[in-house]
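Source file: coords-v1.pdb; contents: PDB, C-alpha atoms.
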```pdb
ATOM      1  CA  MET A   1     -78.708  58.969  35.307
ATOM      2  CA  ASN A   2     -80.937  56.002  35.861
ATOM      3  CA  ASP A   3     -83.186  54.274  38.352
ATOM      4  CA  PRO A   4     -80.466  53.023  40.750
ATOM      5  CA  VAL A   5     -78.885  56.482  40.983
ATOM      6  CA  ALA A   6     -82.146  58.353  41.653
ATOM      7  CA  TYR A   7     -83.546  55.749  44.031
ATOM      8  CA  GLY A   8     -80.147  55.386  45.701
ATOM      9  CA  ILE A   9     -80.134  59.114  46.480
ATOM     10  CA  ALA A  10     -83.747  58.930  47.634
ATOM     11  CA  ILE A  11     -83.020  55.976  49.940
ATOM     12  CA  LEU A  12     -79.917  57.678  51.326
ATOM     13  CA  ALA A  13     -81.988  60.808  52.023
ATOM     14  CA  LEU A  14     -84.695  58.712  53.698
ATOM     15  CA  LEU A  15     -82.059  57.027  55.879
ATOM     16  CA  VAL A  16     -80.769  60.412  57.013
ATOM     17  CA  ALA A  17     -84.387  61.509  57.554
ATOM     18  CA  ALA A  18     -85.029  58.434  59.712
ATOM     19  CA  PHE A  19     -81.827  59.063  61.647
ATOM     20  CA  ALA A  20     -82.856  62.697  62.178
ATOM     21  CA  ALA A  21     -86.400  61.684  63.180
ATOM     22  CA  TRP A  22     -85.010  59.248  65.727
ATOM     23  CA  ARG A  23     -82.778  61.959  67.170
ATOM     24  CA  MET A  24     -85.693  64.387  67.199
ATOM     25  CA  ALA A  25     -87.776  61.851  69.115
ATOM     26  CA  ARG A  26     -84.961  61.666  71.648
ATOM     27  CA  ASP A  27     -85.129  65.446  72.062
ATOM     28  CA  LEU A  28     -81.692  66.073  70.588
ATOM     29  CA  PRO A  29     -80.771  69.307  68.802
ATOM     30  CA  LEU A  30     -78.944  69.360  65.472
ATOM     31  CA  ASP A  31     -75.509  68.123  66.560
ATOM     32  CA  ASN A  32     -72.391  66.572  65.061
ATOM     33  CA  PRO A  33     -73.513  63.000  64.192
ATOM     34  CA  LEU A  34     -76.464  64.300  62.225
ATOM     35  CA  PHE A  35     -74.351  67.037  60.678
ATOM     36  CA  TYR A  36     -71.912  64.411  59.349
ATOM     37  CA  ALA A  37     -74.779  62.321  58.006
ATOM     38  CA  VAL A  38     -76.065  65.366  56.112
ATOM     39  CA  CYS A  39     -72.519  65.977  54.840
ATOM     40  CA  VAL A  40     -72.388  62.453  53.378
ATOM     41  CA  LEU A  41     -75.637  63.091  51.529
ATOM     42  CA  GLU A  42     -74.396  66.500  50.380
ATOM     43  CA  ILE A  43     -71.300  64.904  48.818
ATOM     44  CA  ALA A  44     -73.566  62.459  47.000
ATOM     45  CA  LEU A  45     -75.726  65.357  45.794
ATOM     46  CA  VAL A  46     -72.726  67.299  44.471
ATOM     47  CA  GLY A  47     -71.729  64.103  42.670
ATOM     48  CA  LEU A  48     -75.259  63.886  41.285
ATOM     49  CA  LEU A  49     -75.065  67.493  40.055
ATOM     50  CA  VAL A  50     -71.800  66.830  38.237
ATOM     51  CA  GLY A  51     -72.791  63.385  36.959
ATOM     52  CA  GLY A  52     -76.257  64.542  35.983
ATOM     53  CA  SER A  53     -74.917  67.541  34.069
ATOM     54  CA  VAL A  54     -72.435  65.350  32.179
ATOM     55  CA  ALA A  55     -75.164  62.828  31.427
ATOM     56  CA  LEU A  56     -77.445  65.613  30.208
ATOM     57  CA  ALA A  57     -74.767  66.925  27.846
ATOM     58  CA  SER A  58     -74.091  63.495  26.365
ATOM     59  CA  THR A  59     -77.589  62.108  26.113
ATOM     60  CA  SER A  60     -79.742  62.004  23.013
ATOM     61  CA  ARG A  61     -82.870  61.901  25.140
ATOM     62  CA  ASP A  62     -85.388  64.701  24.920
ATOM     63  CA  VAL A  63     -84.861  66.018  28.465
ATOM     64  CA  ASP A  64     -86.016  69.439  29.655
ATOM     65  CA  GLY A  65     -82.469  70.570  30.427
ATOM     66  CA  VAL A  66     -83.233  73.778  32.320
ATOM     67  CA  LEU A  67     -85.731  72.031  34.592
ATOM     68  CA  PHE A  68     -83.385  69.083  35.114
ATOM     69  CA  VAL A  69     -80.385  71.213  36.099
ATOM     70  CA  SER A  70     -82.502  73.489  38.307
ATOM     71  CA  TYR A  71     -83.609  70.374  40.219
ATOM     72  CA  LEU A  72     -79.979  69.255  40.588
ATOM     73  CA  VAL A  73     -78.903  72.695  41.856
ATOM     74  CA  THR A  74     -81.881  72.927  44.232
ATOM     75  CA  MET A  75     -81.000  69.550  45.723
ATOM     76  CA  VAL A  76     -77.415  70.689  46.365
ATOM     77  CA  VAL A  77     -78.578  73.937  48.008
ATOM     78  CA  ILE A  78     -81.230  72.475  50.343
ATOM     79  CA  PRO A  79     -79.016  70.583  52.882
ATOM     80  CA  PRO A  80     -76.699  73.546  53.695
ATOM     81  CA  ALA A  81     -79.723  75.844  53.923
ATOM     82  CA  ALA A  82     -81.449  73.397  56.290
ATOM     83  CA  VAL A  83     -78.350  73.076  58.484
ATOM     84  CA  LEU A  84     -77.962  76.866  58.707
ATOM     85  CA  TRP A  85     -81.646  77.302  59.582
ATOM     86  CA  GLY A  86     -81.770  74.339  61.955
ATOM     87  CA  ILE A  87     -78.493  74.843  63.829
ATOM     88  CA  ALA A  88     -79.659  78.148  65.300
ATOM     89  CA  GLU A  89     -82.515  76.360  67.056
ATOM     90  CA  LYS A  90     -81.142  74.619  70.133
ATOM     91  CA  SER A  91     -84.027  72.211  70.526
ATOM     92  CA  ARG A  92     -85.406  69.086  68.874
ATOM     93  CA  TRP A  93     -87.017  71.272  66.210
ATOM     94  CA  GLY A  94     -83.607  72.147  64.774
ATOM     95  CA  THR A  95     -83.368  68.426  64.059
ATOM     96  CA  GLY A  96     -86.912  68.595  62.696
ATOM     97  CA  VAL A  97     -85.740  71.025  60.023
ATOM     98  CA  VAL A  98     -83.310  68.342  58.794
ATOM     99  CA  VAL A  99     -86.142  65.774  58.701
ATOM    100  CA  VAL A 100     -88.150  68.113  56.468
ATOM    101  CA  ALA A 101     -85.156  68.807  54.231
ATOM    102  CA  MET A 102     -84.259  65.129  53.797
ATOM    103  CA  LEU A 103     -87.829  64.148  52.899
ATOM    104  CA  THR A 104     -87.797  66.981  50.363
ATOM    105  CA  ILE A 105     -84.557  65.661  48.829
ATOM    106  CA  ALA A 106     -86.093  62.185  48.519
ATOM    107  CA  ALA A 107     -89.179  63.615  46.773
ATOM    108  CA  LEU A 108     -87.064  65.767  44.442
ATOM    109  CA  SER A 109     -84.898  62.774  43.568
ATOM    110  CA  VAL A 110     -87.911  60.747  42.446
ATOM    111  CA  ARG A 111     -89.244  63.692  40.413
ATOM    112  CA  LEU A 112     -85.778  64.205  38.920
ATOM    113  CA  LEU A 113     -85.969  60.682  37.542
ATOM    114  CA  GLY A 114     -89.359  61.548  36.063
ATOM    115  CA  ILE A 115     -87.894  64.589  34.320
ATOM    116  CA  TRP A 116     -85.040  62.475  32.961
ATOM    117  CA  LYS A 117     -87.504  59.976  31.554
ATOM    118  CA  GLY A 118     -89.742  62.733  30.250
ATOM    119  CA  SER A 119     -92.740  61.461  32.183
ATOM    120  CA  TYR A 120     -93.079  64.460  34.471
ATOM    121  CA  VAL A 121     -93.583  68.045  33.382
TER     122      VAL A 121
ATOM    123  CA  MET B   1     -94.596  93.858  66.073
ATOM    124  CA  SER B   2     -91.461  91.946  65.259
ATOM    125  CA  ASP B   3     -89.881  90.275  68.232
ATOM    126  CA  ILE B   4     -86.129  90.092  67.814
ATOM    127  CA  ASN B   5     -85.396  88.457  71.146
ATOM    128  CA  PRO B   6     -84.048  85.004  70.175
ATOM    129  CA  SER B   7     -84.918  83.481  73.537
ATOM    130  CA  SER B   8     -88.550  84.505  73.300
ATOM    131  CA  THR B   9     -90.889  81.524  73.309
ATOM    132  CA  SER B  10     -93.679  83.508  71.687
ATOM    133  CA  ASP B  11     -91.721  84.044  68.470
ATOM    134  CA  THR B  12     -93.299  82.195  65.532
ATOM    135  CA  SER B  13     -89.901  81.128  64.157
ATOM    136  CA  HIS B  14     -88.726  79.301  67.270
ATOM    137  CA  GLY B  15     -89.374  75.898  68.746
ATOM    138  CA  PHE B  16     -91.812  73.951  66.577
ATOM    139  CA  GLY B  17     -92.061  77.047  64.383
ATOM    140  CA  ARG B  18     -88.500  76.419  63.241
ATOM    141  CA  ALA B  19     -89.536  73.211  61.511
ATOM    142  CA  LEU B  20     -92.819  74.736  60.316
ATOM    143  CA  VAL B  21     -90.964  77.551  58.557
ATOM    144  CA  ALA B  22     -88.835  74.891  56.844
ATOM    145  CA  VAL B  23     -91.963  73.172  55.509
ATOM    146  CA  TYR B  24     -93.366  76.513  54.347
ATOM    147  CA  ALA B  25     -90.062  77.315  52.648
ATOM    148  CA  VAL B  26     -90.253  74.037  50.724
ATOM    149  CA  PHE B  27     -93.750  74.888  49.492
ATOM    150  CA  ALA B  28     -92.779  78.477  48.712
ATOM    151  CA  LEU B  29     -90.048  77.021  46.537
ATOM    152  CA  ALA B  30     -92.240  74.315  44.994
ATOM    153  CA  ALA B  31     -95.136  76.642  44.186
ATOM    154  CA  SER B  32     -93.108  79.553  42.842
ATOM    155  CA  ALA B  33     -90.727  77.299  40.881
ATOM    156  CA  ARG B  34     -93.680  75.497  39.312
ATOM    157  CA  SER B  35     -95.178  78.870  38.454
ATOM    158  CA  ILE B  36     -91.979  80.125  36.820
ATOM    159  CA  VAL B  37     -91.686  76.951  34.748
ATOM    160  CA  GLN B  38     -95.324  77.287  33.664
ATOM    161  CA  LEU B  39     -94.997  80.960  32.766
ATOM    162  CA  VAL B  40     -91.776  80.405  30.821
ATOM    163  CA  THR B  41     -93.441  77.703  28.758
ATOM    164  CA  GLU B  42     -96.102  79.123  26.506
ATOM    165  CA  VAL B  43     -99.288  80.324  28.190
ATOM    166  CA  GLU B  44    -102.346  79.330  26.190
ATOM    167  CA  SER B  45    -105.953  80.322  26.696
ATOM    168  CA  ASP B  46    -106.908  77.144  28.555
ATOM    169  CA  THR B  47    -103.918  77.362  30.898
ATOM    170  CA  VAL B  48    -104.410  80.952  32.019
ATOM    171  CA  VAL B  49    -106.412  79.945  35.104
ATOM    172  CA  PRO B  50    -104.016  77.323  36.524
ATOM    173  CA  TYR B  51    -100.918  79.365  35.638
ATOM    174  CA  THR B  52    -102.256  82.496  37.297
ATOM    175  CA  LEU B  53    -103.291  80.411  40.276
ATOM    176  CA  SER B  54     -99.843  78.830  40.531
ATOM    177  CA  ALA B  55     -98.234  82.267  40.545
ATOM    178  CA  PHE B  56    -100.709  83.444  43.195
ATOM    179  CA  ALA B  57    -100.064  80.350  45.341
ATOM    180  CA  GLY B  58     -96.331  80.923  45.013
ATOM    181  CA  VAL B  59     -96.638  84.505  46.268
ATOM    182  CA  VAL B  60     -98.872  83.401  49.166
ATOM    183  CA  TYR B  61     -96.406  80.731  50.307
ATOM    184  CA  VAL B  62     -93.412  83.070  49.998
ATOM    185  CA  LEU B  63     -95.180  85.735  52.089
ATOM    186  CA  ALA B  64     -96.347  83.174  54.675
ATOM    187  CA  THR B  65     -92.802  81.793  54.990
ATOM    188  CA  TYR B  66     -91.380  85.276  55.421
ATOM    189  CA  ALA B  67     -94.065  86.244  57.949
ATOM    190  CA  LEU B  68     -93.540  83.120  60.071
ATOM    191  CA  ALA B  69     -89.745  83.390  59.905
ATOM    192  CA  ARG B  70     -89.772  87.042  60.968
ATOM    193  CA  ASN B  71     -92.655  86.810  63.447
ATOM    194  CA  HIS B  72     -95.021  89.092  61.524
ATOM    195  CA  ARG B  73     -98.182  87.668  63.025
ATOM    196  CA  ARG B  74    -100.766  89.677  61.141
ATOM    197  CA  LEU B  75     -99.212  88.960  57.751
ATOM    198  CA  ALA B  76     -98.891  85.301  58.723
ATOM    199  CA  SER B  77    -102.586  85.075  59.695
ATOM    200  CA  VAL B  78    -103.721  86.716  56.471
ATOM    201  CA  THR B  79    -101.530  84.650  54.160
ATOM    202  CA  ILE B  80    -102.245  81.360  55.906
ATOM    203  CA  GLY B  81    -105.965  82.224  55.829
ATOM    204  CA  ILE B  82    -105.750  82.843  52.070
ATOM    205  CA  GLU B  83    -103.854  79.586  51.747
ATOM    206  CA  LEU B  84    -106.633  77.712  53.559
ATOM    207  CA  VAL B  85    -109.371  79.276  51.418
ATOM    208  CA  GLY B  86    -107.267  78.670  48.304
ATOM    209  CA  VAL B  87    -106.626  74.985  48.859
ATOM    210  CA  LEU B  88    -110.268  74.316  49.801
ATOM    211  CA  THR B  89    -111.711  76.323  46.904
ATOM    212  CA  VAL B  90    -109.331  74.987  44.277
ATOM    213  CA  GLY B  91    -109.644  71.496  45.729
ATOM    214  CA  VAL B  92    -113.429  71.513  45.361
ATOM    215  CA  LEU B  93    -113.391  73.216  41.945
ATOM    216  CA  SER B  94    -110.796  70.827  40.517
ATOM    217  CA  LEU B  95    -112.935  67.869  41.554
ATOM    218  CA  VAL B  96    -116.228  69.392  40.360
ATOM    219  CA  ASP B  97    -114.920  70.652  37.036
ATOM    220  CA  GLY B  98    -111.575  69.206  35.981
ATOM    221  CA  ASP B  99    -111.642  71.227  32.747
ATOM    222  CA  LEU B 100    -111.006  74.394  34.731
ATOM    223  CA  PHE B 101    -107.586  73.094  35.624
ATOM    224  CA  PRO B 102    -106.047  71.254  32.673
ATOM    225  CA  ASP B 103    -102.635  71.798  34.234
ATOM    226  CA  GLN B 104    -101.693  71.104  37.826
ATOM    227  CA  THR B 105    -101.321  73.642  40.600
ATOM    228  CA  VAL B 106    -100.159  72.884  44.149
ATOM    229  CA  TRP B 107    -103.755  73.215  45.306
ATOM    230  CA  SER B 108    -105.410  70.943  42.709
ATOM    231  CA  ASP B 109    -107.266  67.962  44.199
ATOM    232  CA  PHE B 110    -106.545  69.319  47.687
ATOM    233  CA  GLY B 111    -102.809  69.064  47.065
ATOM    234  CA  MET B 112    -102.889  65.345  46.318
ATOM    235  CA  GLY B 113     -99.752  65.602  44.167
ATOM    236  CA  TYR B 114     -97.970  66.868  47.266
ATOM    237  CA  LEU B 115     -99.216  64.155  49.628
ATOM    238  CA  PHE B 116    -102.062  66.433  50.805
ATOM    239  CA  ILE B 117     -99.544  68.500  52.748
ATOM    240  CA  PRO B 118    -100.989  71.750  51.230
ATOM    241  CA  LEU B 119    -104.340  70.805  52.817
ATOM    242  CA  VAL B 120    -102.910  70.102  56.278
ATOM    243  CA  LEU B 121    -100.369  72.923  56.358
ATOM    244  CA  PRO B 122    -102.743  75.914  56.823
ATOM    245  CA  PHE B 123    -104.447  74.197  59.778
ATOM    246  CA  VAL B 124    -101.074  73.532  61.380
ATOM    247  CA  GLY B 125    -100.026  77.106  60.620
ATOM    248  CA  LEU B 126    -103.115  78.651  62.237
ATOM    249  CA  TRP B 127    -102.811  76.316  65.217
ATOM    250  CA  TRP B 128     -99.192  77.374  65.637
ATOM    251  CA  LEU B 129    -100.061  81.088  65.461
ATOM    252  CA  ARG B 130    -102.572  80.589  68.281
ATOM    253  CA  ARG B 131    -100.342  78.312  70.281
ATOM    254  CA  SER B 132     -97.213  80.467  70.047
ATOM    255  CA  SER B 133     -99.081  83.579  71.159
ATOM    256  CA  VAL B 134    -100.438  81.914  74.314
ATOM    257  CA  VAL B 135     -97.172  80.505  75.649
TER     258      VAL B 135
END
```
Serialized structure, C-alpha cells:
Amino acid sequence: MNDPVAYGIAILALLVAAFAAWRMARDLPLDNPLFYAVCVLEIALVGLLVGGSVALASTSRDVDGVLFVSYLVTMVVIPPAAVLWGIAEKSRWGTGVVVVAMLTIAALSVRLLGIWKGSYV
Amino acid sequence: MSDINPSSTSDTSHGFGRALVAVYAVFALAASARSIVQLVTEVESDTVVPYTLSAFAGVVYVLATYALARNHRRLASVTIGIELVGVLTVGVLSLVDGDLFPDQTVWSDFGMGYLFIPLVLPFVGLWWLRRSSVV
C-alpha cells in the first residue's frame, strides 16, 4: 500500500468516470462498454482489498485497521451497487450514476492513502 | 403517495433523480460512517457537539436518500429542508466560532472537506422536487 497503488486506483476510477461522463453527454444509457470498464475497476478494487488486508497484517505502521478495512470493503461494494441502481434507468442518468460512483471511488482511494499514512482521521 | 409506476416521469427516483439519489446515497454513507467512527472512538466533552451533529446529519441524509428513492415527496422536502438549514447554520457557526467544532462534520465550513457538495446538494434536491412534480 503506497502512493502509486492509491493514485493508480484513483486515476483508473477517474478514467472510467470520464468515459461514463462522455457516454452520458452522448445520451447513452448504462450499456456493455461501460459495464466492462466498471468490471475492470472492480477487479482492481478486489485486488486492493486483498493486497491492502495483507499489507495491513504485515505492517508495523500505526494504522487504524478497522477504518482502513471498512474503506477497502466500501470501495468493493460501491461499483456493483451503482451498476444495479443505474442499469434500471434506461436513460443517460443511469450512466450518471456510474459517474457519481467512480468519482466517489477516486475520493475514497485518496482518503485511504491518508488513513494508511495516519494523516487522516 | 408513493408512485410505483416505473414509467412515470413524475417519480423522484427516475431520470435525473436516479443520479441524484446516487449522490445522496454517497453522502448518507459518508455522514453516517463518519458518525459511527466518531461515536466508537471516545466521546469527550468538547466533541459532544460535532459528534451529535454528525449523527444527526447522517440520519438526515439516510432519510432524504430513502425518500427520494421511494418517491416520498413530503419526507424528501422536510429532510432536504433540514439539510439546507443544517449546512448553512453549521457553516456560519464553524466560521464564526471554530471552537464549537473541534472535530469535523460534513457540514463544517459549508462542506468544504467534501468539495462544497453538501452546500449545493440541498438546492439541487429542492429544485428536483419542484421540477419532477411539474413534468
Using the file's own x, y and z axes, so that the box edges lie along x, y and z, what centre and edge lengths in Å (one decimal) does a box around every listed atom of stretch 7-17 of chain A get when 8 Å is added on each side? Give it as AutoDock Vina command-line options.
```
--center_x -82.3 --center_y 58.4 --center_z 50.8 --size_x 20.8 --size_y 22.1 --size_z 29.5
```
Requested in this report: Skip A:Gly86 itself and residues of its chain fewer than 5 positions away, then list as JSON, numbers by chain all residues within 8 Å of it, counting only C-alpha atoms.
Outcome: {"A": [30, 93, 94, 95, 96, 97, 98], "B": [18, 19]}
Proximity check stretch 114-133 of chain B to stretch 85-104 of chain B, 9 Å, nearest pairs one decimal Å, all atoms listed in the file, as JSON lines:
```
{"residue": "B:Pro118", "atom": "CA", "partner": "B:Val87", "partner_atom": "CA", "distance": 6.9}
{"residue": "B:Leu119", "atom": "CA", "partner": "B:Val87", "partner_atom": "CA", "distance": 6.2}
{"residue": "B:Pro122", "atom": "CA", "partner": "B:Val87", "partner_atom": "CA", "distance": 8.9}
```
Query raised in the report: What does the distance between atom CA of B:Val106 and atom CA of B:Ser54 come to in Å, to one decimal place?
Result: 7.0 Å
Wanna dump the chain B-chain A contacts at 6 Å for me, each residue with its shortest atom pair and the distance in Å to one decimal, counting only C-alpha atoms, ordered by chain and number, as CSV?
```
residue,atom,partner,partner_atom,distance
B:Gly15,CA,A:Trp93,CA,5.8
B:Phe16,CA,A:Trp93,CA,5.5
B:Ala19,CA,A:Val97,CA,4.6
B:Ala22,CA,A:Val97,CA,5.9
```
Query raised in the report: What residues come out when you apply the PyMOL selection byres ((chain B and resi 28-42) around 9) to this file, written as a list in words?
Result: Leu67 of chain A; Val23, Tyr24, Ala25, Val26, Phe27, Val43, Glu44, Tyr51, Thr52, Leu53, Ser54, Ala55, Phe56, Ala57, Gly58, Val59, Val60, Tyr61, Val62, Leu63, Ala64, Thr65, Thr105 and Val106 of chain B
Hits of the PyMOL selection byres ((chain B and resi 123-127) around 8) in this structure, as a PDB file with C-alpha atoms, in the frame of the given file:
```pdb
ATOM      1  CA  LEU B  20     -92.819  74.736  60.316  1.00  0.00           C
ATOM      2  CA  SER B  77    -102.586  85.075  59.695  1.00  0.00           C
ATOM      3  CA  ILE B  80    -102.245  81.360  55.906  1.00  0.00           C
ATOM      4  CA  GLY B  81    -105.965  82.224  55.829  1.00  0.00           C
ATOM      5  CA  LEU B  84    -106.633  77.712  53.559  1.00  0.00           C
ATOM      6  CA  LEU B 119    -104.340  70.805  52.817  1.00  0.00           C
ATOM      7  CA  VAL B 120    -102.910  70.102  56.278  1.00  0.00           C
ATOM      8  CA  LEU B 121    -100.369  72.923  56.358  1.00  0.00           C
ATOM      9  CA  PRO B 122    -102.743  75.914  56.823  1.00  0.00           C
ATOM     10  CA  TRP B 128     -99.192  77.374  65.637  1.00  0.00           C
ATOM     11  CA  LEU B 129    -100.061  81.088  65.461  1.00  0.00           C
ATOM     12  CA  ARG B 130    -102.572  80.589  68.281  1.00  0.00           C
ATOM     13  CA  ARG B 131    -100.342  78.312  70.281  1.00  0.00           C
TER      14      ARG B 131
END
```
**Report entry** Two-atom distance - atom CA of A:Leu103, atom CA of B:Ala76 (Å)
**Finding:**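 Computing it gives 24.6 Å between the two atoms.
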